[in-house]
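Asker: The structure follows.
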Amino acid sequence: MPIWYDPLGLALGVALDQLLADPRSAAHPVALFGRAAAGLERSLYADSRARGVVHVAVCVGSVAALGVLAQRAPGRAARTAVTAVATWAVLGGTTLAREGEYMADALERDDLERARARLPHLCGRDPAGLEAPELARATVESLAENTSDAVVAPLFWGAVAGVPGLLAYRAINTLDAMIGHRSPRYERFGWFAARLDDVANYLPARVTGLLTALTGPNPGRALAMLMRDGHRHPSPNAGRCEAAFAGALGVTLGGTNVYGGRTEHRPTMGDGPKPDVKDIRRATRLTRAVSLAAAGAAVLTAWTLNRVANKKQPS
């Protein structure tokens with residue numbers, strides 16, 4: 001079997017995510033990577049794009065190289081096990097859906113304080129003072145965007161680039177969350193991390209939009225909103241996911257958001273009413289449907305690439 005394409009390993013990794021989810025532990029591989037990246041930042045930091053490029057290159061290059069070495073483990077069973085563990089480590093679909101359910105439960109019980117305290121698990125929006133409708137909108141938008149970041153994108157890169165693709169994507173996405181946001185400290189140093197994350201998510205975000213249309217309750221409307229409104233978001237990728245979710249659920253997303261005291265006024269996407277508390281569970285079900293479709297597509301893609309690669313092998 002070629003070392004890059006392991007459909008069985010991907011499938012087992014998805015199953016592990018369903019069983020174990022994403023435990024919040026200091027020993028989790030993503031947490032370990034985050035601490036290592038933060039330590040390197042302390043040594044390399046300067047208000048410079050060049051330093052930021054070096055930081056990202058070292059962090060992403062190191063985990064990609066580790067992925068190449070790990071996937072060269074001797075024996076098909078060992079390679080499949082490595083792929084399964086790597087897939088589990090980078091996926092966050094089960095945890096994402098559980099966060100949606102938690103927010104739905106809190107808001108259905110009118111427990112605004114519990115919902116506000118939990119919102120940072122989903123997004124960087126300032127929850128202070130948000131009422132139920134805005135908490136619901138924030139949750140639905142976060143479910144839409146993170147369905148791509150936590151599920152579709154890692155599976156996409158795992159399908160086409162194996163373990164190195166899985167690990168490199170999660171490293172890129174983690175660095176974007178750490179240093180890719182706009183602030184006086186990271187305006188220049190985090191520039192490359194943010195741009196690389198945009199590139200890594202360009203195709204997966206559009207795949208997410210299409211899968212949302214295919215699996216959602218209103219395929220025609222989801223596709224129409226994806227085509228009409230997907231470009232309106234300030235992110236080149238998040239808007240594709242949010243516009244498709246807005247169409248599938250029959251709601252309008254977007255509006256005014258506050259991030260760390262900074263207010264952003266974003267264009268709206270969709271034609272329906274703003275999301276209500278009841279729409280959170282609908283969005284969570286859609287997240288699960290898209291995640292399942294993405295898993296099937298990734299396994300099929302890896303299987304197909306494996307077959308093609310095997311045919312090119314000398315007999």
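Following the order of the structure tokens, first chain is A, next is B, and so on, with residues numbered from 1 inside each chain and ligands from 1 in the order they appear.
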Could you give me, as number ranges by chain, each residue of region 62-205 of chain A that DSSP assigns to helix (DSSP H, G or I) when run on this structure's backbone?

Answerer: A: 62-71, 76-90, 93-108, 112-121, 132-179, 186-189, 191-205

Asker: Env of region 113-124 of chain A: 9 Å cut, atoms = only C-alpha atoms, seq-sep filter 3 positions within chain, self excluded. Answer as a list in words.

Answerer: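 Close residues of region 113-124 of chain A: Leu96, Glu99, Gly100, Tyr102, Met103, Ala104, Asp105, Ala106, Leu107, Asp110, Pro127, Ala128, Gly129, Leu130, Glu131, Ala132, Leu135, Ala138, Thr139, Ser142, Leu143, Asn146, Val258, Tyr259 and Gly260 of chain A.
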
Asker: Quick one: write out the picked residues with C-alpha atoms as a compact mmCIF listing (two decimals), in the first residue's frame?

Answerer:
# COMPACT_ATOMS: atom_id res chain seq x y z
CA LEU A 96 -18.03 20.33 18.34
CA GLU A 99 -20.65 21.95 22.47
CA GLY A 100 -23.66 22.75 20.33
CA TYR A 102 -24.48 22.10 25.65
CA MET A 103 -25.38 25.58 24.39
CA ALA A 104 -28.83 24.40 23.33
CA ASP A 105 -29.47 22.85 26.73
CA ALA A 106 -28.31 25.96 28.61
CA LEU A 107 -30.42 28.33 26.53
CA ASP A 110 -32.88 30.11 30.16
CA PRO A 127 -20.14 36.82 25.47
CA ALA A 128 -20.68 39.49 28.14
CA GLY A 129 -24.10 41.02 27.75
CA LEU A 130 -25.21 38.76 24.90
CA GLU A 131 -28.83 37.71 25.18
CA ALA A 132 -30.30 34.41 24.01
CA LEU A 135 -25.87 33.57 21.78
CA ALA A 138 -22.98 32.94 17.64
CA THR A 139 -23.44 29.21 18.22
CA SER A 142 -19.49 28.79 15.03
CA LEU A 143 -20.94 25.36 14.28
CA ASN A 146 -15.91 24.85 12.74
CA VAL A 258 -17.63 42.13 19.46
CA TYR A 259 -14.16 40.58 19.82
CA GLY A 260 -12.08 41.72 22.79

Asker: Could you check the closest approach to Leu292 (chain A) for each of A:Gln18, A:Gly254, A:Ala31, A:Arg109 and tell me which residue wins, using only C-alpha atoms?

Answerer: A:Gln18

Asker: Distance CA of Gly67 (chain A)-CA of Ala177 (chain A), one decimal place?

Answerer: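 Distance between the two atoms: 21.5 Å.
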
Asker: May I have the residues within 7 Å of Asp197 (chain A) as a PyMOL selection string, using only C-alpha atoms and disregarding those fewer than 6 positions away in the same chain?

Answerer: chain A and resi 172-173+176

Asker: For region 230-237 of chain A, find every residue with an atom within 12 Å (counting only C-alpha atoms), except residues of its own chain fewer than 5 positions away, and show them as number ranges by chain.

Answerer: A: 141, 144-149, 153, 181, 194-195, 197-210, 222-225, 242-247, 253-255, 264-270

Asker: Quick one: everything within 8 Å of region 4-13 of chain A, counting only C-alpha atoms, minus sequence neighbours fewer than 4 positions away in the same chain. Send it as a ChimeraX atom specification.

Answerer: /A:17,71,79-88,155,158-163,295,298-303,305-306

Asker: For Phe189 (chain A), which residue out of A:Ala64, A:Ala283, A:Ala46, A:Cys241 is the nearest one, using only C-alpha atoms?

Answerer: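 So, comparing all the options, the nearest one is A:Ala46.
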
Asker: In region 85-291 of chain A, what's strand (DSSP E or B) per DSSP? Answer as a ChimeraX atom specification?

Answerer: /A:253,256-259,262-265,269

Asker: Just the selected residues (all heavy atoms), exported as a PDB file, in the first residue's frame, please.

Answerer:
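This is the output file again_18.pdb:
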ATOM      1  N   LEU A 253     -27.685  34.790   8.959  1.00  0.00           N
ATOM      2  CA  LEU A 253     -26.502  34.879   9.806  1.00  0.00           C
ATOM      3  C   LEU A 253     -25.748  36.163   9.487  1.00  0.00           C
ATOM      4  O   LEU A 253     -25.969  36.794   8.466  1.00  0.00           O
ATOM      5  CB  LEU A 253     -25.605  33.660   9.598  1.00  0.00           C
ATOM      6  CG  LEU A 253     -26.241  32.295   9.912  1.00  0.00           C
ATOM      7  CD1 LEU A 253     -25.265  31.171   9.615  1.00  0.00           C
ATOM      8  CD2 LEU A 253     -26.708  32.232  11.359  1.00  0.00           C
ATOM      9  N   THR A 256     -23.556  42.310  13.801  1.00  0.00           N
ATOM     10  CA  THR A 256     -22.543  42.968  14.630  1.00  0.00           C
ATOM     11  C   THR A 256     -21.982  41.995  15.660  1.00  0.00           C
ATOM     12  O   THR A 256     -22.741  41.350  16.393  1.00  0.00           O
ATOM     13  CB  THR A 256     -23.136  44.188  15.348  1.00  0.00           C
ATOM     14  OG1 THR A 256     -23.640  45.102  14.367  1.00  0.00           O
ATOM     15  CG2 THR A 256     -22.084  44.879  16.198  1.00  0.00           C
ATOM     16  N   ASN A 257     -20.662  41.893  15.712  1.00  0.00           N
ATOM     17  CA  ASN A 257     -19.977  41.035  16.681  1.00  0.00           C
ATOM     18  C   ASN A 257     -18.927  41.857  17.423  1.00  0.00           C
ATOM     19  O   ASN A 257     -18.380  42.814  16.875  1.00  0.00           O
ATOM     20  CB  ASN A 257     -19.274  39.863  15.982  1.00  0.00           C
ATOM     21  CG  ASN A 257     -20.228  39.006  15.181  1.00  0.00           C
ATOM     22  OD1 ASN A 257     -21.404  38.872  15.519  1.00  0.00           O
ATOM     23  ND2 ASN A 257     -19.732  38.419  14.102  1.00  0.00           N
ATOM     24  N   VAL A 258     -18.650  41.455  18.658  1.00  0.00           N
ATOM     25  CA  VAL A 258     -17.629  42.129  19.464  1.00  0.00           C
ATOM     26  C   VAL A 258     -16.562  41.118  19.834  1.00  0.00           C
ATOM     27  O   VAL A 258     -16.861  40.053  20.386  1.00  0.00           O
ATOM     28  CB  VAL A 258     -18.229  42.753  20.741  1.00  0.00           C
ATOM     29  CG1 VAL A 258     -17.132  43.418  21.569  1.00  0.00           C
ATOM     30  CG2 VAL A 258     -19.315  43.768  20.375  1.00  0.00           C
ATOM     31  N   TYR A 259     -15.304  41.450  19.520  1.00  0.00           N
ATOM     32  CA  TYR A 259     -14.164  40.585  19.817  1.00  0.00           C
ATOM     33  C   TYR A 259     -13.160  41.383  20.648  1.00  0.00           C
ATOM     34  O   TYR A 259     -12.512  42.302  20.127  1.00  0.00           O
ATOM     35  CB  TYR A 259     -13.477  40.114  18.532  1.00  0.00           C
ATOM     36  CG  TYR A 259     -14.356  39.304  17.619  1.00  0.00           C
ATOM     37  CD1 TYR A 259     -15.089  39.925  16.610  1.00  0.00           C
ATOM     38  CD2 TYR A 259     -14.461  37.929  17.760  1.00  0.00           C
ATOM     39  CE1 TYR A 259     -15.894  39.192  15.759  1.00  0.00           C
ATOM     40  CE2 TYR A 259     -15.266  37.184  16.922  1.00  0.00           C
ATOM     41  CZ  TYR A 259     -15.976  37.822  15.925  1.00  0.00           C
ATOM     42  OH  TYR A 259     -16.779  37.080  15.085  1.00  0.00           O
ATOM     43  N   ARG A 262     -13.346  45.017  20.341  1.00  0.00           N
ATOM     44  CA  ARG A 262     -13.370  45.511  18.957  1.00  0.00           C
ATOM     45  C   ARG A 262     -14.679  45.100  18.307  1.00  0.00           C
ATOM     46  O   ARG A 262     -15.028  43.921  18.271  1.00  0.00           O
ATOM     47  CB  ARG A 262     -12.193  44.934  18.168  1.00  0.00           C
ATOM     48  CG  ARG A 262     -12.046  45.496  16.759  1.00  0.00           C
ATOM     49  CD  ARG A 262     -10.901  44.832  16.002  1.00  0.00           C
ATOM     50  NE  ARG A 262     -11.261  43.513  15.505  1.00  0.00           N
ATOM     51  CZ  ARG A 262     -10.870  42.366  16.027  1.00  0.00           C
ATOM     52  NH1 ARG A 262     -10.119  42.358  17.113  1.00  0.00           N
ATOM     53  NH2 ARG A 262     -11.229  41.219  15.499  1.00  0.00           N
ATOM     54  N   THR A 263     -15.410  46.053  17.776  1.00  0.00           N
ATOM     55  CA  THR A 263     -16.714  45.779  17.166  1.00  0.00           C
ATOM     56  C   THR A 263     -16.563  45.623  15.658  1.00  0.00           C
ATOM     57  O   THR A 263     -15.894  46.432  15.000  1.00  0.00           O
ATOM     58  CB  THR A 263     -17.711  46.915  17.473  1.00  0.00           C
ATOM     59  OG1 THR A 263     -17.865  47.021  18.889  1.00  0.00           O
ATOM     60  CG2 THR A 263     -19.063  46.631  16.845  1.00  0.00           C
ATOM     61  N   GLU A 264     -17.169  44.554  15.122  1.00  0.00           N
ATOM     62  CA  GLU A 264     -17.172  44.317  13.678  1.00  0.00           C
ATOM     63  C   GLU A 264     -18.608  44.250  13.187  1.00  0.00           C
ATOM     64  O   GLU A 264     -19.448  43.576  13.781  1.00  0.00           O
ATOM     65  CB  GLU A 264     -16.455  43.007  13.331  1.00  0.00           C
ATOM     66  CG  GLU A 264     -14.970  43.011  13.608  1.00  0.00           C
ATOM     67  CD  GLU A 264     -14.285  41.748  13.109  1.00  0.00           C
ATOM     68  OE1 GLU A 264     -14.969  40.925  12.438  1.00  0.00           O
ATOM     69  OE2 GLU A 264     -13.097  41.567  13.392  1.00  0.00           O
ATOM     70  N   HIS A 265     -18.883  44.942  12.091  1.00  0.00           N
ATOM     71  CA  HIS A 265     -20.199  44.907  11.462  1.00  0.00           C
ATOM     72  C   HIS A 265     -20.078  44.093  10.177  1.00  0.00           C
ATOM     73  O   HIS A 265     -19.451  44.538   9.211  1.00  0.00           O
ATOM     74  CB  HIS A 265     -20.692  46.327  11.178  1.00  0.00           C
ATOM     75  CG  HIS A 265     -20.786  47.183  12.400  1.00  0.00           C
ATOM     76  ND1 HIS A 265     -21.822  47.070  13.311  1.00  0.00           N
ATOM     77  CD2 HIS A 265     -19.961  48.151  12.883  1.00  0.00           C
ATOM     78  CE1 HIS A 265     -21.637  47.950  14.290  1.00  0.00           C
ATOM     79  NE2 HIS A 265     -20.509  48.610  14.061  1.00  0.00           N
ATOM     80  N   MET A 269     -26.089  37.025   5.723  1.00  0.00           N
ATOM     81  CA  MET A 269     -26.176  35.934   4.753  1.00  0.00           C
ATOM     82  C   MET A 269     -27.455  35.163   5.018  1.00  0.00           C
ATOM     83  O   MET A 269     -27.743  34.813   6.163  1.00  0.00           O
ATOM     84  CB  MET A 269     -24.958  35.006   4.887  1.00  0.00           C
ATOM     85  CG  MET A 269     -23.636  35.662   4.524  1.00  0.00           C
ATOM     86  SD  MET A 269     -22.202  34.658   4.988  1.00  0.00           S
ATOM     87  CE  MET A 269     -22.180  34.958   6.758  1.00  0.00           C
TER      88      MET A 269
END

Asker: So what do you get for CA of Ala21 (chain A) versus CA of Val151 (chain A), distance-wise?

Answerer: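 Separating CA of Ala21 (chain A) from CA of Val151 (chain A) is a distance of 12.1 Å.
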
Asker: Contacts of Asp279 (chain A) at 9 Å or less, counting only C-alpha atoms, minus same-chain residues fewer than 5 places along, as a list of chain:residue names?

Answerer: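 Final neighbour list, sorted by chain and number: A:Ala104, A:Ala136, A:Arg137, A:Val140, A:Leu249, A:Val251, A:Thr284.
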
Asker: Tell me which of A:Pro154, A:Gly61, A:Gly75, A:Pro133 sits closest to Glu108 (chain A), counting only C-alpha atoms.

Answerer: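 Checking each candidate against Glu108 (chain A), we get A:Pro133 as the closest.
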
Asker: Of the candidates A:Arg76, A:Arg221, A:Arg125, A:Arg35, which shows the shortest atom-to-atom distance to Leu175 (chain A), using only C-alpha atoms?

Answerer: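 When distances to Leu175 (chain A) are compared using only C-alpha atoms, the smallest one comes from A:Arg35.
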
Asker: Here is a test: counting only C-alpha atoms, which residue of A:Leu167, A:Val308, A:Leu196, A:Ala89 is nearest to Leu69 (chain A)?

Answerer: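 Of A:Leu167, A:Val308, A:Leu196, A:Ala89, the one nearest Leu69 (chain A) is A:Leu167, counting only C-alpha atoms.
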
Asker: Hey, can you check how far CA of Val14 (chain A) sits from CA of Gly239 (chain A)?

Answerer: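 Taking CA of Val14 (chain A) as the start and CA of Gly239 (chain A) as the end point, the length is 25.8 Å.
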
Asker: Could you check which of A:Val53, A:Leu19, A:Ala38, A:Ala297 is closest to Ala193 (chain A), using only C-alpha atoms?

Answerer: A:Val53
